[in-house]
Each structure stands twice: as C-alpha cells, then as structure tokens.
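> Would you mind keeping the following structure in view while I ask a few things?
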Amino acid sequence: MADEKDSAEAIVSDVHKKITEAFDVFDHGFNKTVDVREIGTIIRSLGCFPTEGELHDVIAEIEEEEPTGYVRFEKFLPSMTKVLMERRFRPIPEDLLLQAFEVLDQQKKGYLEPEKLTKYMTQEGEPFTQEEMDEMLSAARDPDKDVVFYKDFVSMMTVDDNR
C-alpha cells in the first residue's frame with residue numbers, strides 16, 4: 001500500500017514540476033503571476049489542446065474575482081494539476097487527424113494547396129484566425145513545392161504519449 005501512495009505522490013510531484021516550469025517561462029516579473037493571454041500557450045506547452053471555449057472556461061475558473069489581466073500561480077497550479085491528472089484536452093490521435101486531411105484531399109494526391117487548407121480551416125468548425133493559419137502554414141508548407149504534405153505535417157504535430 002505504501003508503494004502505491006509513494007507512486008501517486010511521485011506522479012503528482014512530477015506534474016507540479018512540469019506545471020511550475022511551464023508557468024515560470026511566462027512569469028516575466030518573477031512574481032508568480034502571468035498575463036492571462038499567455039494561459040493558452042502555457043496549457044498547450046503542457047500537451048493539452050483545449051478548444052477556445054474550453055480555454056475560456058479554464059481562465060474563468062482561475063482568474064481573480066475582479067479580473068486584473070493576470071493569473072496567479074497559486075490558482076493555476078491546482079486547476080492545471082486536475083486537468084493533467086484527468087488527461088483532459090488530449091490531442092486528437094494521429095490516425096484521426098490523418099483521416100480528416102484525407103477527406104479534404106478528394107483526389108488522393110497526398111497534399112493540399114495552402115489556399116484550399118486555409119479556406120477549410122478559417123471557415124469551418126471552430127475557425128482558425130489568419131495569424132494561426134500563417135503560423136500553421138509556416139510549419140506545414142513544403143518550401144519547394146508550395147503545398148502541404150499532410151502526412152509529414154500530422155506526424156510532426158502529434159504527441160507521442162509513450163515518451
């Protein structure tokens with residue numbers, strides 16, 4: 001029984017360490033607060049990918065009663081620990097992501113034109129902003145052929161849970 005307790009404590013301790021390190025990167029004033037606009041980036045750096053709606057819910061939960069534009073570490077830590085322990089906001093598995101790109105690639109070419117991808121990503125579902133699209137395309141676009149070879153892109157952007 002003691003081993004289980006020790007193991008659980010070690011897991012929580014490891015999670016706290018990861019959260020603290022991610023938070024500290026954005027704690028520019030070294031005062032245990034970060035700009036509320038950085039919360040999404042911090043959460044994503046921890047391998048969680050909430051939708052914009054889910055992100056707003058998390059922020060609403062951890063922000064001060066009177067919003068200051070900052071989030072305090074002492075409120076972020078317990079909330080984020082719960083998110084990580086419950087494995088919430090996990091990324092979509094690689095095979096499902098690949099299927100989504102294949103649906104868009106009706107001619108089965110193995111790639112998509114940036115314009116076509118931008119049209120889908122900014123007009124369907126939970127639309128990307130132009131800034132998000134530019135960021136995505138800068139990582140995804142093949143510089144020589146000016147297309148997105150989505151199999152390469154999907155494997156580059158998925159997280160291996162076993163590391």
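Each chain of the structure tokens is named A, B, ... in the order shown, its residues numbered from 1; ligands are numbered from 1 in display order.
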Run DSSP on the backbone and tell me which residues of stretch 29-146 of chain A come out as strand (DSSP E or B); list them as a PyMOL selection string.
chain A and resi 33-35+70-72+112+141
> Mind writing the picked residues with N, CA and C atoms as a compact mmCIF listing (two decimals), in the first residue's frame?

# COMPACT_ATOMS: atom_id res chain seq x y z
N THR A 33 2.95 35.46 -11.17
CA THR A 33 1.77 35.80 -11.97
C THR A 33 2.18 35.79 -13.44
N VAL A 34 1.19 35.50 -14.31
CA VAL A 34 1.43 35.60 -15.75
C VAL A 34 0.25 36.35 -16.37
N ASP A 35 0.51 36.94 -17.50
CA ASP A 35 -0.53 37.61 -18.27
C ASP A 35 -1.58 36.57 -18.66
N TYR A 70 -4.11 39.29 -15.03
CA TYR A 70 -3.06 38.36 -14.63
C TYR A 70 -3.67 37.16 -13.92
N VAL A 71 -2.95 36.04 -14.00
CA VAL A 71 -3.37 34.83 -13.30
C VAL A 71 -2.26 34.48 -12.32
N ARG A 72 -2.66 34.19 -11.07
CA ARG A 72 -1.69 33.85 -10.04
C ARG A 72 -1.40 32.36 -10.06
N LEU A 112 -2.24 19.07 -49.86
CA LEU A 112 -3.28 20.09 -50.05
C LEU A 112 -2.60 21.41 -50.39
N ARG A 141 3.96 24.03 -44.71
CA ARG A 141 4.14 24.16 -46.16
C ARG A 141 5.51 23.67 -46.61
> Give me the residues within 12 Å of A:Ser138 as a list of chain:residue names, counting only C-alpha atoms and dropping any in the same chain fewer than 6 places off.
A:Pro114, A:Glu131, A:Glu132, A:Asp146, A:Val147, A:Val148, A:Phe153
> For atom CA of A:Asp14 and atom CA of A:Gly47, determine how far apart the two atoms are, in Å to one decimal place.
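Computing the Euclidean distance for atom CA of A:Asp14 and atom CA of A:Gly47 yields 14.4 Å.
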> Within 9 Å of stretch 97-103 of chain A, counting only C-alpha atoms, which residues show up once you throw out same-chain ones fewer than 3 positions away? Write them as JSON, numbers by chain, please.
{"A": [92, 93, 94, 106, 108, 110, 111, 112, 150, 151, 154, 155, 158]}
> With N, CA and C atoms retained, could you export that selection as a compact mmCIF listing (two decimals), in the first residue's frame?

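What follows is the written file part13.txt:
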# COMPACT_ATOMS: atom_id res chain seq x y z
N ILE A 92 -5.86 15.05 -30.56
CA ILE A 92 -6.53 14.04 -31.38
C ILE A 92 -5.48 13.03 -31.85
N PRO A 93 -5.81 11.73 -31.81
CA PRO A 93 -4.84 10.72 -32.26
C PRO A 93 -4.44 10.94 -33.73
N GLU A 94 -3.22 10.54 -34.04
CA GLU A 94 -2.64 10.76 -35.37
C GLU A 94 -3.52 10.19 -36.49
N GLN A 106 -9.65 15.12 -51.78
CA GLN A 106 -10.55 14.22 -52.51
C GLN A 106 -9.89 13.53 -53.70
N LYS A 108 -6.89 12.37 -53.63
CA LYS A 108 -5.90 11.45 -53.04
C LYS A 108 -4.48 11.75 -53.55
N GLY A 110 -2.18 13.30 -51.65
CA GLY A 110 -1.23 13.24 -50.54
C GLY A 110 -0.79 14.62 -50.07
N TYR A 111 -1.36 15.64 -50.67
CA TYR A 111 -1.06 17.01 -50.25
C TYR A 111 -2.27 17.90 -50.49
N LEU A 112 -2.24 19.07 -49.86
CA LEU A 112 -3.28 20.09 -50.05
C LEU A 112 -2.60 21.41 -50.39
N TYR A 150 0.42 16.55 -45.97
CA TYR A 150 -0.20 16.45 -44.64
C TYR A 150 0.25 15.25 -43.83
N LYS A 151 0.72 14.17 -44.46
CA LYS A 151 1.20 13.04 -43.65
C LYS A 151 2.42 13.45 -42.83
N VAL A 154 1.18 15.92 -40.07
CA VAL A 154 0.46 15.25 -38.98
C VAL A 154 1.45 14.56 -38.04
N SER A 155 2.44 13.86 -38.60
CA SER A 155 3.38 13.18 -37.70
C SER A 155 4.24 14.18 -36.94
N THR A 158 1.77 15.64 -33.92
CA THR A 158 1.10 14.80 -32.93
C THR A 158 2.07 14.47 -31.80
> Calculate how many Å separate atom CA of A:Tyr120 from atom CA of A:Arg87, rounding to one decimal.
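Value for the atom CA of A:Tyr120-atom CA of A:Arg87 distance: 28.6 Å.
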> Compare A:Glu74, A:Asp144, A:Asp134, A:Glu126 by their minimum atom-to-atom distance to A:Ile19, counting only C-alpha atoms, and give me the closest one.
A:Glu74
> Of the candidates A:Glu124, A:Asp24, A:Glu113, A:Glu61, which one gets nearest to A:Pro78 if we count only C-alpha atoms?
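Of all the options, A:Glu61 lies closest to A:Pro78.
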> As a CSV table (one decimal) with N, CA and C atoms, in the first residue's frame, which residues of stretch 47-102 of chain A does DSSP assign to alpha helix (DSSP H)?

chain,number,residue,atom,x,y,z
A,52,GLU,N,-11.2,26.9,-27.9
A,52,GLU,CA,-11.2,28.2,-27.4
A,52,GLU,C,-12.3,28.3,-26.3
A,53,GLY,N,-13.4,27.6,-26.4
A,53,GLY,CA,-14.4,27.6,-25.4
A,53,GLY,C,-14.0,27.0,-24.1
A,54,GLU,N,-13.3,25.9,-24.2
A,54,GLU,CA,-12.7,25.2,-23.0
A,54,GLU,C,-11.7,26.1,-22.3
A,55,LEU,N,-10.9,26.7,-23.2
A,55,LEU,CA,-9.8,27.6,-22.6
A,55,LEU,C,-10.5,28.8,-21.8
A,56,HIS,N,-11.5,29.4,-22.4
A,56,HIS,CA,-12.2,30.4,-21.7
A,56,HIS,C,-12.8,29.9,-20.3
A,57,ASP,N,-13.3,28.7,-20.3
A,57,ASP,CA,-13.8,28.1,-19.1
A,57,ASP,C,-12.7,28.0,-18.0
A,58,VAL,N,-11.5,27.5,-18.5
A,58,VAL,CA,-10.4,27.3,-17.5
A,58,VAL,C,-10.0,28.7,-17.0
A,59,ILE,N,-9.9,29.7,-17.9
A,59,ILE,CA,-9.5,31.0,-17.5
A,59,ILE,C,-10.5,31.6,-16.5
A,60,ALA,N,-11.8,31.4,-16.8
A,60,ALA,CA,-12.8,31.9,-15.9
A,60,ALA,C,-12.7,31.3,-14.5
A,61,GLU,N,-12.3,30.1,-14.4
A,61,GLU,CA,-12.1,29.3,-13.2
A,61,GLU,C,-11.0,29.8,-12.4
A,62,ILE,N,-9.9,30.3,-13.0
A,62,ILE,CA,-8.6,30.6,-12.3
A,62,ILE,C,-8.4,32.1,-12.2
A,73,PHE,N,-0.1,32.0,-9.8
A,73,PHE,CA,0.3,30.6,-9.8
A,73,PHE,C,-0.5,29.8,-8.8
A,74,GLU,N,-0.8,30.3,-7.7
A,74,GLU,CA,-1.5,29.5,-6.7
A,74,GLU,C,-2.9,29.1,-7.1
A,75,LYS,N,-3.5,29.8,-8.0
A,75,LYS,CA,-4.8,29.4,-8.6
A,75,LYS,C,-4.6,28.5,-9.8
A,76,PHE,N,-3.5,28.8,-10.5
A,76,PHE,CA,-3.3,28.0,-11.8
A,76,PHE,C,-2.9,26.5,-11.4
A,77,LEU,N,-2.0,26.4,-10.4
A,77,LEU,CA,-1.5,25.1,-10.1
A,77,LEU,C,-2.5,24.0,-9.8
A,78,PRO,N,-3.5,24.2,-8.9
A,78,PRO,CA,-4.4,23.2,-8.6
A,78,PRO,C,-5.3,22.9,-9.8
A,79,SER,N,-5.7,23.9,-10.5
A,79,SER,CA,-6.6,23.7,-11.6
A,79,SER,C,-5.9,22.9,-12.7
A,80,MET,N,-4.7,23.3,-13.0
A,80,MET,CA,-3.9,22.6,-14.1
A,80,MET,C,-3.5,21.2,-13.7
A,81,THR,N,-3.3,21.0,-12.4
A,81,THR,CA,-2.9,19.6,-11.9
A,81,THR,C,-4.1,18.7,-12.2
A,82,LYS,N,-5.3,19.2,-11.9
A,82,LYS,CA,-6.5,18.4,-12.1
A,82,LYS,C,-6.7,18.1,-13.6
A,83,VAL,N,-6.5,19.1,-14.5
A,83,VAL,CA,-6.6,18.9,-15.9
A,83,VAL,C,-5.6,17.8,-16.4
A,84,LEU,N,-4.4,17.9,-15.9
A,84,LEU,CA,-3.3,16.9,-16.3
A,84,LEU,C,-3.6,15.5,-15.8
A,85,MET,N,-4.0,15.4,-14.5
A,85,MET,CA,-4.3,14.1,-13.9
A,85,MET,C,-5.5,13.5,-14.5
A,94,GLU,N,-3.2,10.5,-34.0
A,94,GLU,CA,-2.6,10.8,-35.4
A,94,GLU,C,-3.5,10.2,-36.5
A,95,ASP,N,-4.1,9.0,-36.3
A,95,ASP,CA,-4.8,8.4,-37.4
A,95,ASP,C,-6.1,9.2,-37.7
A,96,LEU,N,-6.8,9.7,-36.7
A,96,LEU,CA,-8.0,10.5,-36.9
A,96,LEU,C,-7.6,11.8,-37.6
A,97,LEU,N,-6.5,12.4,-37.2
A,97,LEU,CA,-6.1,13.7,-37.8
A,97,LEU,C,-5.8,13.4,-39.3
A,98,LEU,N,-5.1,12.3,-39.6
A,98,LEU,CA,-4.8,11.9,-41.0
A,98,LEU,C,-6.1,11.7,-41.8
A,99,GLN,N,-7.1,11.1,-41.2
A,99,GLN,CA,-8.4,10.9,-41.9
A,99,GLN,C,-9.0,12.2,-42.2
A,100,ALA,N,-8.9,13.2,-41.3
A,100,ALA,CA,-9.5,14.5,-41.6
A,100,ALA,C,-8.9,15.1,-42.8
A,101,PHE,N,-7.5,15.1,-42.9
A,101,PHE,CA,-6.8,15.6,-44.1
A,101,PHE,C,-7.2,14.9,-45.3
A,102,GLU,N,-7.3,13.5,-45.2
A,102,GLU,CA,-7.6,12.7,-46.4
A,102,GLU,C,-9.0,13.1,-46.9
> Between A:Val36, A:Ala140, A:Ile43, A:Ala8, single out the one closest to A:Glu21, counting only C-alpha atoms.
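Between A:Val36, A:Ala140, A:Ile43, A:Ala8, the residue approaching A:Glu21 most closely is A:Ile43.
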> Do you know which residues are at most 10 Å from A:Cys48 counting only C-alpha atoms, after dropping those on the same chain fewer than 2 positions away, and could you put them as a count of residues only?
18
> For a quick check of understanding, using only C-alpha atoms, which of A:Leu104, A:Thr118, A:Phe26, A:Glu86 has the smallest distance to A:Glu135?
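Nearest to A:Glu135: A:Thr118.
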